[in-house]
$ cat protein-v6.txt   # compact mmCIF, C-alpha atoms and all ligand atoms
# COMPACT_ATOMS: atom_id res chain seq x y z
CA MET A 6 -2.90 28.13 -5.26
CA LYS A 7 -1.11 31.02 -3.54
CA ASN A 8 -1.14 30.08 0.15
CA ILE A 9 -0.69 26.56 1.45
CA ILE A 10 -0.26 25.00 4.88
CA VAL A 11 2.25 22.17 5.14
CA THR A 12 1.79 20.24 8.37
CA GLY A 13 4.92 18.45 9.59
CA GLY A 14 6.96 20.73 7.34
CA ALA A 15 9.93 20.66 9.76
CA GLY A 16 10.25 16.87 9.49
CA PHE A 17 12.11 14.77 6.92
CA ILE A 18 9.68 14.57 3.99
CA GLY A 19 7.59 17.64 4.81
CA SER A 20 10.65 19.91 4.80
CA ASN A 21 11.76 18.44 1.48
CA PHE A 22 8.34 19.36 0.07
CA VAL A 23 8.65 22.92 1.42
CA HIS A 24 12.04 23.29 -0.30
CA TYR A 25 10.56 21.81 -3.48
CA VAL A 26 7.67 24.30 -3.51
CA VAL A 27 9.90 27.30 -2.76
CA ASN A 28 12.37 26.30 -5.49
CA ASN A 29 9.81 25.46 -8.17
CA HIS A 30 6.73 27.60 -7.53
CA PRO A 31 7.70 31.21 -6.78
CA GLU A 32 4.06 32.35 -6.49
CA VAL A 33 3.34 30.11 -3.46
CA HIS A 34 3.59 31.10 0.22
CA VAL A 35 3.94 28.28 2.73
CA THR A 36 2.83 28.18 6.35
CA VAL A 37 4.47 25.27 8.12
CA LEU A 38 2.45 23.95 11.06
CA ASP A 39 4.72 21.75 13.13
CA LYS A 40 4.85 20.79 16.80
CA LEU A 41 8.63 20.30 16.64
CA THR A 42 8.55 16.89 18.31
CA TYR A 43 11.84 14.97 18.59
CA ALA A 44 11.50 14.43 14.79
CA GLY A 45 11.00 18.07 13.83
CA ASN A 46 13.91 20.47 13.42
CA ARG A 47 13.91 24.19 12.52
CA GLU A 48 17.26 23.62 10.83
CA ASN A 49 15.46 21.63 8.11
CA LEU A 50 13.98 24.94 6.94
CA ALA A 51 17.16 27.02 7.31
CA GLY A 52 17.95 29.34 4.42
CA LEU A 53 14.39 29.55 3.10
CA PRO A 54 13.12 33.11 2.43
CA ALA A 55 11.20 34.51 5.43
CA ASP A 56 8.72 36.30 3.15
CA ARG A 57 7.68 32.96 1.60
CA VAL A 58 7.88 30.46 4.46
CA LYS A 59 6.49 30.97 7.96
CA LEU A 60 6.84 28.41 10.74
CA VAL A 61 3.97 28.15 13.24
CA VAL A 62 4.95 25.92 16.15
CA GLY A 63 1.80 24.10 17.21
CA ASP A 64 -0.18 20.89 17.33
CA ILE A 65 -2.41 19.69 14.47
CA ALA A 66 -4.84 18.47 17.15
CA ASP A 67 -5.28 22.04 18.48
CA ALA A 68 -8.69 22.78 16.93
CA ASP A 69 -8.66 26.56 17.57
CA LEU A 70 -5.21 27.05 16.09
CA VAL A 71 -6.01 24.83 13.12
CA ASP A 72 -9.28 26.65 12.46
CA ARG A 73 -7.55 30.07 12.52
CA LEU A 74 -4.87 28.94 10.07
CA VAL A 75 -7.10 26.95 7.73
CA GLN A 76 -9.59 29.79 7.16
CA LYS A 77 -6.78 31.88 5.61
CA THR A 78 -5.36 29.24 3.26
CA ASP A 79 -6.04 27.74 -0.17
CA ALA A 80 -4.86 24.21 0.65
CA VAL A 81 -3.53 21.95 3.38
CA VAL A 82 -0.87 19.35 2.62
CA HIS A 83 -0.80 17.03 5.60
CA TYR A 84 2.53 15.38 6.43
CA ALA A 85 2.62 15.69 10.24
CA ALA A 86 2.65 12.32 11.96
CA GLU A 87 4.32 10.08 14.43
CA SER A 88 6.17 8.11 11.77
CA HIS A 89 8.35 5.37 13.29
CA ASN A 90 7.10 1.78 13.56
CA ASP A 91 9.48 0.79 16.36
CA ASN A 92 8.29 3.69 18.54
CA SER A 93 4.67 2.72 17.93
CA LEU A 94 5.36 -0.77 19.27
CA LYS A 95 6.65 0.71 22.54
CA ASP A 96 3.98 3.39 23.02
CA PRO A 97 1.08 3.59 20.58
CA PHE A 98 -0.73 6.51 22.23
CA PRO A 99 1.01 9.45 20.47
CA PHE A 100 0.29 7.68 17.16
CA ILE A 101 -3.43 7.55 17.89
CA GLN A 102 -3.45 11.15 19.11
CA THR A 103 -1.50 12.75 16.25
CA ASN A 104 -2.27 10.47 13.32
CA ILE A 105 -5.97 9.98 14.01
CA ILE A 106 -7.18 12.89 16.20
CA GLY A 107 -4.78 15.29 14.45
CA THR A 108 -6.07 14.27 11.00
CA TYR A 109 -9.67 14.52 12.21
CA THR A 110 -8.99 18.06 13.43
CA LEU A 111 -7.53 19.12 10.07
CA ILE A 112 -10.26 17.63 7.89
CA GLU A 113 -12.99 19.15 10.06
CA ALA A 114 -11.43 22.60 9.55
CA CYS A 115 -11.01 21.99 5.80
CA ARG A 116 -14.62 20.87 5.53
CA LYS A 117 -15.86 23.94 7.43
CA HIS A 118 -13.88 26.39 5.28
CA ASN A 119 -14.13 24.37 2.03
CA VAL A 120 -10.35 24.16 1.72
CA ARG A 121 -8.48 21.74 -0.59
CA TYR A 122 -6.82 18.97 1.43
CA HIS A 123 -4.08 16.52 0.44
CA HIS A 124 -3.43 13.59 2.73
CA VAL A 125 0.08 12.12 2.74
CA SER A 126 0.06 8.47 3.66
CA THR A 127 2.05 5.30 3.40
CA ASP A 128 2.05 1.98 1.53
CA GLU A 129 2.09 0.28 4.96
CA VAL A 130 -1.70 0.64 5.17
CA TYR A 131 -1.89 -2.33 2.77
CA GLY A 132 0.09 -4.65 5.06
CA ASP A 133 2.78 -6.70 3.34
CA LEU A 134 3.36 -8.94 0.30
CA PRO A 135 5.08 -12.33 0.09
CA LEU A 136 8.73 -12.30 -0.95
CA ARG A 137 9.14 -12.54 -4.74
CA GLU A 138 11.04 -15.83 -4.38
CA ASP A 139 7.89 -17.36 -2.83
CA LEU A 140 5.60 -16.29 -5.69
CA PRO A 141 5.04 -18.41 -8.83
CA GLY A 142 5.54 -15.46 -11.24
CA HIS A 143 8.33 -13.94 -9.07
CA GLY A 144 6.19 -10.93 -8.22
CA GLU A 145 5.35 -9.77 -11.73
CA GLY A 146 1.78 -11.14 -11.79
CA GLU A 147 -1.58 -9.58 -10.99
CA GLY A 148 -2.01 -8.54 -7.34
CA GLU A 149 1.69 -8.83 -6.55
CA LYS A 150 2.25 -5.11 -6.03
CA PHE A 151 0.07 -2.65 -4.12
CA THR A 152 -2.50 -0.66 -6.10
CA ALA A 153 -5.23 1.73 -4.96
CA GLU A 154 -7.58 -1.28 -4.99
CA THR A 155 -5.53 -3.40 -2.56
CA PRO A 156 -7.53 -4.02 0.66
CA TYR A 157 -6.25 -2.32 3.81
CA ASN A 158 -4.47 -4.73 6.16
CA PRO A 159 -2.06 -2.78 8.40
CA SER A 160 0.29 -4.60 10.80
CA SER A 161 1.61 -2.13 13.40
CA PRO A 162 0.16 0.58 15.64
CA TYR A 163 1.81 3.12 13.29
CA SER A 164 0.41 1.69 10.07
CA SER A 165 -3.02 1.07 11.57
CA SER A 166 -3.18 4.68 12.78
CA LYS A 167 -2.27 5.85 9.26
CA ALA A 168 -4.89 3.48 7.81
CA GLY A 169 -7.45 4.92 10.24
CA SER A 170 -6.59 8.44 9.11
CA ASP A 171 -6.92 7.49 5.41
CA LEU A 172 -10.36 6.02 6.10
CA LEU A 173 -11.48 9.21 7.87
CA VAL A 174 -10.48 11.19 4.78
CA LYS A 175 -12.35 8.80 2.45
CA ALA A 176 -15.47 9.08 4.62
CA TRP A 177 -15.25 12.90 4.74
CA VAL A 178 -15.02 12.98 0.93
CA ARG A 179 -18.07 10.79 0.51
CA SER A 180 -20.30 12.16 3.27
CA PHE A 181 -19.27 15.83 3.40
CA GLY A 182 -17.78 16.49 -0.05
CA LEU A 183 -14.31 17.20 1.39
CA GLN A 184 -12.06 18.37 -1.50
CA ALA A 185 -9.41 15.76 -0.80
CA THR A 186 -6.86 13.50 -2.45
CA ILE A 187 -4.73 10.81 -0.80
CA SER A 188 -1.27 9.52 -1.69
CA ASN A 189 0.33 6.35 -0.34
CA CYS A 190 4.08 6.33 -0.82
CA SER A 191 6.80 3.74 -0.31
CA ASN A 192 9.98 4.11 1.81
CA ASN A 193 11.75 7.44 1.37
CA TYR A 194 15.48 8.07 1.64
CA GLY A 195 17.62 11.18 1.36
CA PRO A 196 19.03 14.00 3.49
CA TYR A 197 17.38 15.18 6.76
CA GLN A 198 15.92 11.76 7.63
CA HIS A 199 15.90 11.16 11.37
CA ILE A 200 18.71 8.83 12.49
CA GLU A 201 16.28 6.40 14.12
CA LYS A 202 15.39 5.18 10.59
CA PHE A 203 17.19 2.28 8.88
CA ILE A 204 19.47 3.99 6.32
CA PRO A 205 20.65 7.01 8.39
CA ARG A 206 21.02 4.80 11.46
CA GLN A 207 23.51 2.54 9.67
CA ILE A 208 25.42 5.42 8.03
CA THR A 209 25.79 7.27 11.34
CA ASN A 210 26.68 4.04 13.15
CA ILE A 211 29.60 3.53 10.75
CA LEU A 212 30.66 7.17 11.11
CA LYS A 213 30.68 6.72 14.91
CA GLY A 214 32.52 3.37 14.84
CA ILE A 215 29.42 1.40 15.94
CA ARG A 216 28.58 -1.83 14.10
CA PRO A 217 25.42 -1.48 11.95
CA LYS A 218 22.34 -3.45 13.03
CA LEU A 219 20.19 -5.63 10.77
CA TYR A 220 16.83 -6.86 12.05
CA GLY A 221 16.33 -10.63 11.71
CA ASP A 222 17.67 -12.24 8.53
CA GLY A 223 17.49 -9.01 6.48
CA LYS A 224 15.32 -10.59 3.75
CA ASN A 225 12.57 -7.97 4.24
CA VAL A 226 12.11 -5.84 1.13
CA ARG A 227 11.38 -2.11 0.99
CA ASP A 228 10.55 -0.16 -2.19
CA TRP A 229 12.91 2.84 -1.95
CA ILE A 230 12.17 6.26 -3.43
CA HIS A 231 14.21 9.45 -3.15
CA THR A 232 12.29 12.02 -1.13
CA ASN A 233 12.61 14.62 -3.95
CA ASP A 234 10.59 12.29 -6.18
CA HIS A 235 7.95 11.97 -3.46
CA SER A 236 7.70 15.78 -3.35
CA SER A 237 7.27 16.18 -7.11
CA ALA A 238 4.51 13.56 -7.04
CA VAL A 239 2.65 15.23 -4.16
CA TRP A 240 2.75 18.61 -5.91
CA LEU A 241 1.32 17.05 -9.08
CA ILE A 242 -1.48 15.32 -7.15
CA LEU A 243 -2.25 18.52 -5.23
CA THR A 244 -2.55 20.58 -8.39
CA LYS A 245 -3.78 18.05 -10.99
CA GLY A 246 -5.16 15.09 -9.02
CA LYS A 247 -8.83 14.17 -9.18
CA ILE A 248 -10.81 14.89 -6.00
CA GLY A 249 -11.63 11.74 -4.05
CA GLU A 250 -8.85 9.71 -5.71
CA THR A 251 -5.97 7.80 -4.17
CA TYR A 252 -2.59 7.75 -5.94
CA LEU A 253 0.23 5.36 -5.07
CA ILE A 254 3.74 6.80 -5.27
CA GLY A 255 6.73 4.54 -5.88
CA ALA A 256 9.82 4.43 -8.10
CA ASP A 257 10.37 0.67 -8.62
CA GLY A 258 13.13 0.64 -6.01
CA GLU A 259 12.73 -2.76 -4.35
CA GLU A 260 15.80 -3.86 -2.34
CA ASP A 261 16.10 -6.27 0.56
CA ASN A 262 17.54 -4.86 3.79
CA LYS A 263 20.66 -7.04 3.64
CA THR A 264 21.51 -5.67 0.18
CA VAL A 265 20.97 -2.08 1.34
CA MET A 266 23.23 -2.75 4.34
CA GLU A 267 25.94 -4.18 2.05
CA ILE A 268 25.73 -1.20 -0.35
CA ILE A 269 26.16 1.24 2.56
CA LEU A 270 29.11 -0.71 3.96
CA GLU A 271 30.80 -0.97 0.53
CA GLU A 272 30.30 2.71 -0.25
CA MET A 273 31.77 3.61 3.14
CA GLY A 274 34.87 1.49 2.54
CA GLN A 275 33.94 -1.28 5.01
CA SER A 276 33.77 -5.02 4.65
CA LYS A 277 30.32 -6.17 3.38
CA ASP A 278 29.74 -8.35 6.45
CA ALA A 279 30.78 -5.84 9.13
CA TYR A 280 27.33 -5.69 10.77
CA ASP A 281 25.37 -7.42 13.56
CA HIS A 282 22.12 -9.34 13.25
CA VAL A 283 19.83 -8.12 16.06
CA LYS A 284 16.38 -8.99 17.35
CA ASP A 285 13.69 -8.78 14.68
CA ARG A 286 10.87 -6.20 14.84
CA ALA A 287 7.58 -7.60 16.18
CA GLY A 288 5.09 -8.10 13.32
CA HIS A 289 7.82 -7.09 10.81
CA ASP A 290 6.28 -6.58 7.33
CA LEU A 291 7.99 -8.76 4.72
CA ARG A 292 7.79 -6.88 1.44
CA TYR A 293 6.34 -3.65 0.07
CA ALA A 294 6.05 -2.94 -3.66
CA ILE A 295 4.17 -0.11 -5.36
CA ASP A 296 2.44 -0.16 -8.72
CA SER A 297 2.50 3.55 -9.64
CA THR A 298 0.95 3.13 -13.12
CA LYS A 299 -2.04 5.33 -12.25
CA LEU A 300 0.14 8.26 -11.16
CA ARG A 301 2.41 7.90 -14.19
CA GLU A 302 -0.35 7.44 -16.78
CA GLU A 303 -3.04 9.81 -15.45
CA LEU A 304 -0.80 12.62 -14.19
CA GLY A 305 2.38 12.06 -16.23
CA TRP A 306 4.71 11.69 -13.22
CA THR A 307 8.17 10.15 -13.59
CA PRO A 308 10.82 9.78 -10.89
CA GLU A 309 14.22 11.40 -11.44
CA PHE A 310 16.34 9.50 -8.91
CA THR A 311 16.31 5.91 -10.14
CA ASN A 312 19.91 4.88 -9.46
CA PHE A 313 19.72 3.61 -5.87
CA ARG A 314 23.48 3.19 -5.38
CA ALA A 315 24.12 6.76 -6.59
CA GLY A 316 21.36 8.00 -4.25
CA MET A 317 22.97 6.09 -1.39
CA LYS A 318 26.38 7.67 -2.11
CA ASP A 319 24.82 11.17 -2.00
CA THR A 320 22.99 10.33 1.23
CA ILE A 321 26.20 9.00 2.83
CA ASP A 322 27.99 12.22 1.78
CA TRP A 323 25.22 14.35 3.31
CA TYR A 324 25.37 12.61 6.72
CA THR A 325 29.17 12.71 6.63
CA GLU A 326 29.13 16.46 6.00
CA HIS A 327 26.31 17.26 8.46
CA GLU A 328 27.42 15.60 11.66
CA ASP A 329 26.34 18.76 13.53
CA TRP A 330 22.75 18.05 12.40
CA TRP A 331 22.57 14.56 13.94
CA SER A 332 25.38 13.95 16.45
CA ALA A 333 23.62 15.38 19.55
CA GLU A 334 20.90 12.73 19.27
CA LYS A 335 23.00 9.70 18.39
CA GLU A 336 23.70 8.42 21.89
CA ALA A 337 20.06 8.61 23.02
CA VAL A 338 18.79 6.90 19.86
CA GLU A 339 21.26 4.03 20.22
CA SER A 340 20.64 3.59 23.94
CA ASN A 341 16.90 3.35 23.26
CA TYR A 342 17.48 0.65 20.67
CA ALA A 343 19.90 -1.18 22.96
CA LYS A 344 17.22 -1.45 25.68
CA ASN A 345 15.18 -3.44 23.15
CA GLY A 346 18.07 -5.65 22.03
CA GLN A 347 18.29 -3.81 18.71
P1 LIG B 1 9.09 12.64 10.48
O1 LIG B 1 8.89 11.86 11.72
O2 LIG B 1 10.47 12.88 9.98
O3 LIG B 1 8.42 14.08 10.63
C1 LIG B 1 7.16 14.27 11.22
C2 LIG B 1 6.96 15.76 11.47
O4 LIG B 1 5.66 15.94 12.02
C3 LIG B 1 7.95 16.35 12.47
O5 LIG B 1 8.42 17.59 12.02
C4 LIG B 1 7.12 16.52 13.74
O6 LIG B 1 7.57 17.57 14.57
C5 LIG B 1 5.75 16.79 13.16
N1 LIG B 1 4.66 16.44 14.09
C6 LIG B 1 4.50 15.27 14.78
N2 LIG B 1 3.39 15.34 15.54
C7 LIG B 1 2.83 16.55 15.31
C8 LIG B 1 1.67 17.19 15.78
N3 LIG B 1 0.84 16.59 16.66
N4 LIG B 1 1.38 18.44 15.34
C9 LIG B 1 2.20 19.05 14.45
N5 LIG B 1 3.33 18.50 13.98
C10 LIG B 1 3.64 17.25 14.40
O7 LIG B 1 8.19 11.93 9.39
P2 LIG B 1 8.46 11.70 7.83
O8 LIG B 1 9.23 10.47 7.64
O9 LIG B 1 8.92 12.98 7.23
O10 LIG B 1 6.96 11.39 7.34
C11 LIG B 1 6.09 12.45 6.99
C12 LIG B 1 4.77 11.89 6.50
O11 LIG B 1 4.98 11.05 5.37
C13 LIG B 1 4.05 11.02 7.54
O12 LIG B 1 2.66 11.28 7.43
C14 LIG B 1 4.36 9.60 7.11
O13 LIG B 1 3.34 8.72 7.50
C15 LIG B 1 4.41 9.78 5.61
N6 LIG B 1 5.25 8.79 4.89
C16 LIG B 1 6.54 8.59 5.28
C17 LIG B 1 7.34 7.73 4.55
C18 LIG B 1 8.80 7.49 4.92
O14 LIG B 1 9.46 6.68 4.30
N7 LIG B 1 9.36 8.19 5.91
C19 LIG B 1 6.81 7.05 3.45
C20 LIG B 1 5.47 7.26 3.10
C21 LIG B 1 4.71 8.16 3.83
O1 LIG B 2 6.82 2.22 3.68
C1 LIG B 2 6.72 3.53 4.13
C2 LIG B 2 7.18 3.61 5.57
O2 LIG B 2 8.59 3.51 5.55
C3 LIG B 2 6.74 4.90 6.26
O3 LIG B 2 5.34 4.90 6.36
C4 LIG B 2 7.37 5.03 7.65
O4 LIG B 2 7.04 6.28 8.21
C5 LIG B 2 8.87 4.90 7.51
O5 LIG B 2 9.46 4.94 8.79
C6 LIG B 2 9.22 3.61 6.80
O6 LIG B 2 8.86 2.47 7.62
P1 LIG B 2 9.84 1.20 7.80
O7 LIG B 2 9.47 0.54 9.05
O8 LIG B 2 9.89 0.42 6.55
O9 LIG B 2 11.25 2.01 7.93
P2 LIG B 2 12.52 1.81 8.89
O10 LIG B 2 13.55 2.78 8.39
O11 LIG B 2 12.17 1.83 10.31
O12 LIG B 2 13.01 0.33 8.52
C7 LIG B 2 13.28 -0.06 7.18
C8 LIG B 2 13.61 -1.55 7.20
O13 LIG B 2 14.86 -1.75 7.86
C9 LIG B 2 12.59 -2.38 7.97
O14 LIG B 2 12.43 -3.62 7.30
C10 LIG B 2 13.24 -2.60 9.34
C11 LIG B 2 14.72 -2.62 9.01
N1 LIG B 2 15.65 -2.11 10.04
C12 LIG B 2 15.36 -0.91 10.63
C13 LIG B 2 16.24 -0.37 11.56
C14 LIG B 2 15.94 0.95 12.24
C15 LIG B 2 16.81 -2.80 10.33
O15 LIG B 2 17.08 -3.89 9.78
N2 LIG B 2 17.70 -2.26 11.24
C16 LIG B 2 17.45 -1.06 11.86
O16 LIG B 2 18.30 -0.62 12.67
$ encode --input "protein-v6.txt" --output "structure tokens"
Amino acid sequence: MKNIIVTGGAGFIGSNFVHYVVNNHPEVHVTVLDKLTYAGNRENLAGLPADRVKLVVGDIADADLVDRLVQKTDAVVHYAAESHNDNSLKDPFPFIQTNIIGTYTLIEACRKHNVRYHHVSTDEVYGDLPLREDLPGHGEGEGEKFTAETPYNPSSPYSSSKAGSDLLVKAWVRSFGLQATISNCSNNYGPYQHIEKFIPRQITNILKGIRPKLYGDGKNVRDWIHTNDHSSAVWLILTKGKIGETYLIGADGEEDNKTVMEIILEEMGQSKDAYDHVKDRAGHDLRYAIDSTKLREELGWTPEFTNFRAGMKDTIDWYTEHEDWWSAEKEAVESNYAKNGQ
């Protein structure tokens, strides 16, 4: 695989993958196709060698552009998306347009030119799980984590648009022989994550002297994975995964939101209770948990970043040292949340 397209490669996780490929696979050239929405940032690709990484600013739903790029490539790794649940509750349309029509446009081009396609998706397509405390075996029993066999049951406009895109890919594999794999990953953290998201929002709130905001009672659980571990898993699936298969990516990082909030506050030298409870998210998923046995046993993947507190400290340091990367957007992000009582 010498030439790959990475859609959404100027966003949080896509840019991490581009750095991962450049650092670990010197034979590969990357074309980033990114619309540079509010969530995309050229700076995320700064410092990468111009002879190995090219940024094309454009829309994945632009069929002519996509066709021209796809016919010259060996593979497409599709990250581009509208990615934030709260935004999807306010205005679902861009989620339908990019996540569904955009994916359709890419897989049609890959089908036409017989190009390998990897579809990056989310564990949210499976809906949510009960809290461990409400389960008889405390979450260790059969069916208590997501697997590739868990039925789809998405809750939000975002997760349903991602579920729709996964189903398109599955249908294109079966009916047209699309050379595709799918991965569904849990919540990522790390540098370059947009400050609308939970962890960077709280870190940058504290840095700006704003009280952090916890939705509802904070009992909701997310299964955290460092974005570098997501990238290593996607590369492995792209190069060694079996066509037509779905792989779940997760690093056994379950934490409830209140605990994450307290870790951030402690690591930033604040009192553990120095935050506000704000209005809960509509339809808020309770718990996500990934069973990644298939990925580990079939492809030999293991995560590197398994100490969540250490990962949080590094992430706090990154936002502290890169205020120039996020500060221009802080006021607008917070005023948007404030309009919604969050
Ligand atoms: P992000 O919002 O940080 O980045 C999305 C990128 O896509 C941006 O660079 C944006 O400019 C680009 N983009 C948006 N619409 C586009 C369009 N129409 N055409 C071209 N580019 C467009 O998102 P992220 O958090 O990095 O997520 C990337 C992917 O990973 C998404 O598919 C998401 O569903 C998936 N995912 C995210 C997580 C997570 O925790 N963030 C977990 C699992 C899966
Ligand atoms: O599970 C994978 C998904 O993880 C990805 O598909 C999404 O693209 C990604 O955004 C993320 O979705 P979440 O909705 O879980 O992430 P978010 O950072 O928005 O919120 C994480 C948790 O924190 C969630 O339970 C809501 C809560 N929260 C969020 C914000 C922004 C708060 O308590 N306070 C906040 O200010």
$ closest_residue --input "protein-v6.txt" --among "A:Gly246, A:Gly223, A:Gly255, A:Gly214" --to "ligand LIG 1 (chain B)" --atoms "all atoms listed in the file"
A:Gly255
$ closest_atom_pairs --input "protein-v6.txt" --of "chain A" --to "ligand LIG 1 (chain B)" --cutoff "7 Å" --atoms "only C-alpha atoms and all ligand atoms" --output "tab-separated table"
residue	atom	partner	partner_atom	distance
A:Thr12	CA	B:LIG1	N5	6.1
A:Gly13	CA	B:LIG1	O4	3.6
A:Gly14	CA	B:LIG1	O5	5.8
A:Ala15	CA	B:LIG1	O5	4.1
A:Gly16	CA	B:LIG1	O5	3.2
A:Phe17	CA	B:LIG1	O9	3.7
A:Ile18	CA	B:LIG1	O9	3.7
A:Gly19	CA	B:LIG1	O9	5.4
A:Leu38	CA	B:LIG1	C9	6.0
A:Asp39	CA	B:LIG1	N5	3.6
A:Lys40	CA	B:LIG1	N5	3.9
A:Leu41	CA	B:LIG1	O6	3.6
A:Thr42	CA	B:LIG1	O6	3.9
A:Tyr43	CA	B:LIG1	O6	6.4
A:Ala44	CA	B:LIG1	C3	4.7
A:Gly45	CA	B:LIG1	O5	3.2
A:Asn46	CA	B:LIG1	O5	6.4
A:Gly63	CA	B:LIG1	C9	5.8
A:Asp64	CA	B:LIG1	N4	3.5
A:Ile65	CA	B:LIG1	N4	4.1
A:Ala66	CA	B:LIG1	N3	6.0
A:His83	CA	B:LIG1	O12	7.0
A:Tyr84	CA	B:LIG1	C12	4.1
A:Ala85	CA	B:LIG1	O4	3.5
A:Ala86	CA	B:LIG1	C6	4.5
A:Glu87	CA	B:LIG1	C6	5.2
A:Ser88	CA	B:LIG1	O1	4.6
A:His89	CA	B:LIG1	O1	6.7
A:Thr103	CA	B:LIG1	N3	4.5
A:Gly107	CA	B:LIG1	N3	6.2
A:Val125	CA	B:LIG1	O12	5.4
A:Ser126	CA	B:LIG1	C21	4.7
A:Thr127	CA	B:LIG1	C21	3.9
A:Asp128	CA	B:LIG1	C20	6.5
A:Lys167	CA	B:LIG1	O13	6.5
A:Asn189	CA	B:LIG1	C20	6.3
A:Cys190	CA	B:LIG1	C20	4.3
A:Ser191	CA	B:LIG1	C19	5.0
A:Asn192	CA	B:LIG1	O14	3.6
A:Asn193	CA	B:LIG1	O14	3.8
A:Tyr194	CA	B:LIG1	O14	6.7
A:Gln198	CA	B:LIG1	O2	6.0
A:His199	CA	B:LIG1	O2	5.9
$ closest_atom_pairs --input "protein-v6.txt" --of "chain A" --to "ligand LIG 2 (chain B)" --cutoff "8 Å" --atoms "all atoms listed in the file" --output "tab-separated table"
residue	atom	partner	partner_atom	distance
A:Glu87	CA	B:LIG2	O4	7.8
A:Ser88	CA	B:LIG2	O4	4.1
A:His89	CA	B:LIG2	O5	4.7
A:Asn90	CA	B:LIG2	O7	5.2
A:Asp91	CA	B:LIG2	O11	6.7
A:Ser126	CA	B:LIG2	O3	6.9
A:Thr127	CA	B:LIG2	O3	4.4
A:Asp128	CA	B:LIG2	O1	5.2
A:Glu129	CA	B:LIG2	O1	5.3
A:Tyr163	CA	B:LIG2	O4	7.9
A:Ser164	CA	B:LIG2	O3	7.0
A:Cys190	CA	B:LIG2	C1	6.3
A:Ser191	CA	B:LIG2	O1	4.3
A:Asn192	CA	B:LIG2	O2	4.0
A:Asn193	CA	B:LIG2	O2	6.6
A:Glu201	CA	B:LIG2	C14	5.8
A:Lys202	CA	B:LIG2	O10	3.7
A:Phe203	CA	B:LIG2	O10	3.7
A:Ile204	CA	B:LIG2	O10	6.4
A:Arg206	CA	B:LIG2	O16	6.2
A:Gln207	CA	B:LIG2	O16	6.8
A:Pro217	CA	B:LIG2	O16	7.2
A:Lys218	CA	B:LIG2	O16	4.9
A:Leu219	CA	B:LIG2	O15	3.7
A:Tyr220	CA	B:LIG2	O15	3.7
A:Gly221	CA	B:LIG2	O15	7.1
A:Gly223	CA	B:LIG2	O15	6.1
A:Asn225	CA	B:LIG2	O14	5.3
A:Val226	CA	B:LIG2	O14	6.6
A:Arg227	CA	B:LIG2	O8	6.3
A:Asp228	CA	B:LIG2	O1	7.4
A:Asn262	CA	B:LIG2	O13	5.8
A:Lys263	CA	B:LIG2	O15	7.8
A:Val283	CA	B:LIG2	N2	7.9
A:Asp285	CA	B:LIG2	O15	7.7
A:Arg286	CA	B:LIG2	C10	7.0
A:His289	CA	B:LIG2	O14	6.8
A:Asp290	CA	B:LIG2	O14	6.8
A:Leu291	CA	B:LIG2	O14	7.3
A:Tyr293	CA	B:LIG2	O1	6.9
A:Gln347	CA	B:LIG2	O16	6.8
$ closest_residue --input "protein-v6.txt" --among "A:Leu70, A:Phe181, A:Pro156, A:Gly169" --to "A:Asp133" --atoms "only C-alpha atoms"
A:Pro156
$ closest_residue --input "protein-v6.txt" --among "A:Lys95, A:Arg179, A:Arg292, A:Arg47" --to "A:Val61" --atoms "all atoms listed in the file"
A:Arg47
$ residues_around --input "protein-v6.txt" --residues "A:Ser170" --least-positions-apart "5" --cutoff "7 Å" --atoms "only C-alpha atoms" --output "list of chain:residue names"
A:Asn104, A:Ile105, A:Thr108
$ atom_distance --input "protein-v6.txt" --atom1 "atom CA of A:Leu243" --atom2 "atom CA of A:Tyr157"
23.1 Å
$ atom_distance --input "protein-v6.txt" --atom1 "atom CA of A:Val37" --atom2 "atom CA of A:Ala51"
12.8 Å
$ residues_near_point --input "protein-v6.txt" --point "(24.8, -0.2, -4.5)" --cutoff "9 Å" --atoms "only C-alpha atoms" --output "list of chain:residue names"
A:Thr264, A:Val265, A:Glu267, A:Ile268, A:Ile269, A:Glu271, A:Glu272, A:Asn312, A:Phe313, A:Arg314, A:Ala315, A:Gly316, A:Met317, A:Lys318
$ atom_distance --input "protein-v6.txt" --atom1 "atom CA of A:Glu32" --atom2 "atom CA of A:Val11"
15.6 Å
$ closest_residue --input "protein-v6.txt" --among "A:Tyr252, A:Trp331, A:Tyr122, A:Tyr280" --to "A:Thr152" --atoms "only C-alpha atoms"
A:Tyr252
$ closest_residue --input "protein-v6.txt" --among "A:Ala176, A:His231, A:Thr244, A:Phe100" --to "A:Tyr197" --atoms "all atoms listed in the file"
A:His231
$ closest_residue --input "protein-v6.txt" --among "A:Ala279, A:Leu183, A:Ile208, A:Ile248" --to "A:Trp323" --atoms "only C-alpha atoms"
A:Ile208
$ axis_aligned_box --input "protein-v6.txt" --around "stretch 288-291 of chain A" --padding-each-side "6 Å" --output "AutoDock Vina command-line options"
--center_x 6.5 --center_y -7.7 --center_z 9.0 --size_x 14.9 --size_y 14.2 --size_z 20.6
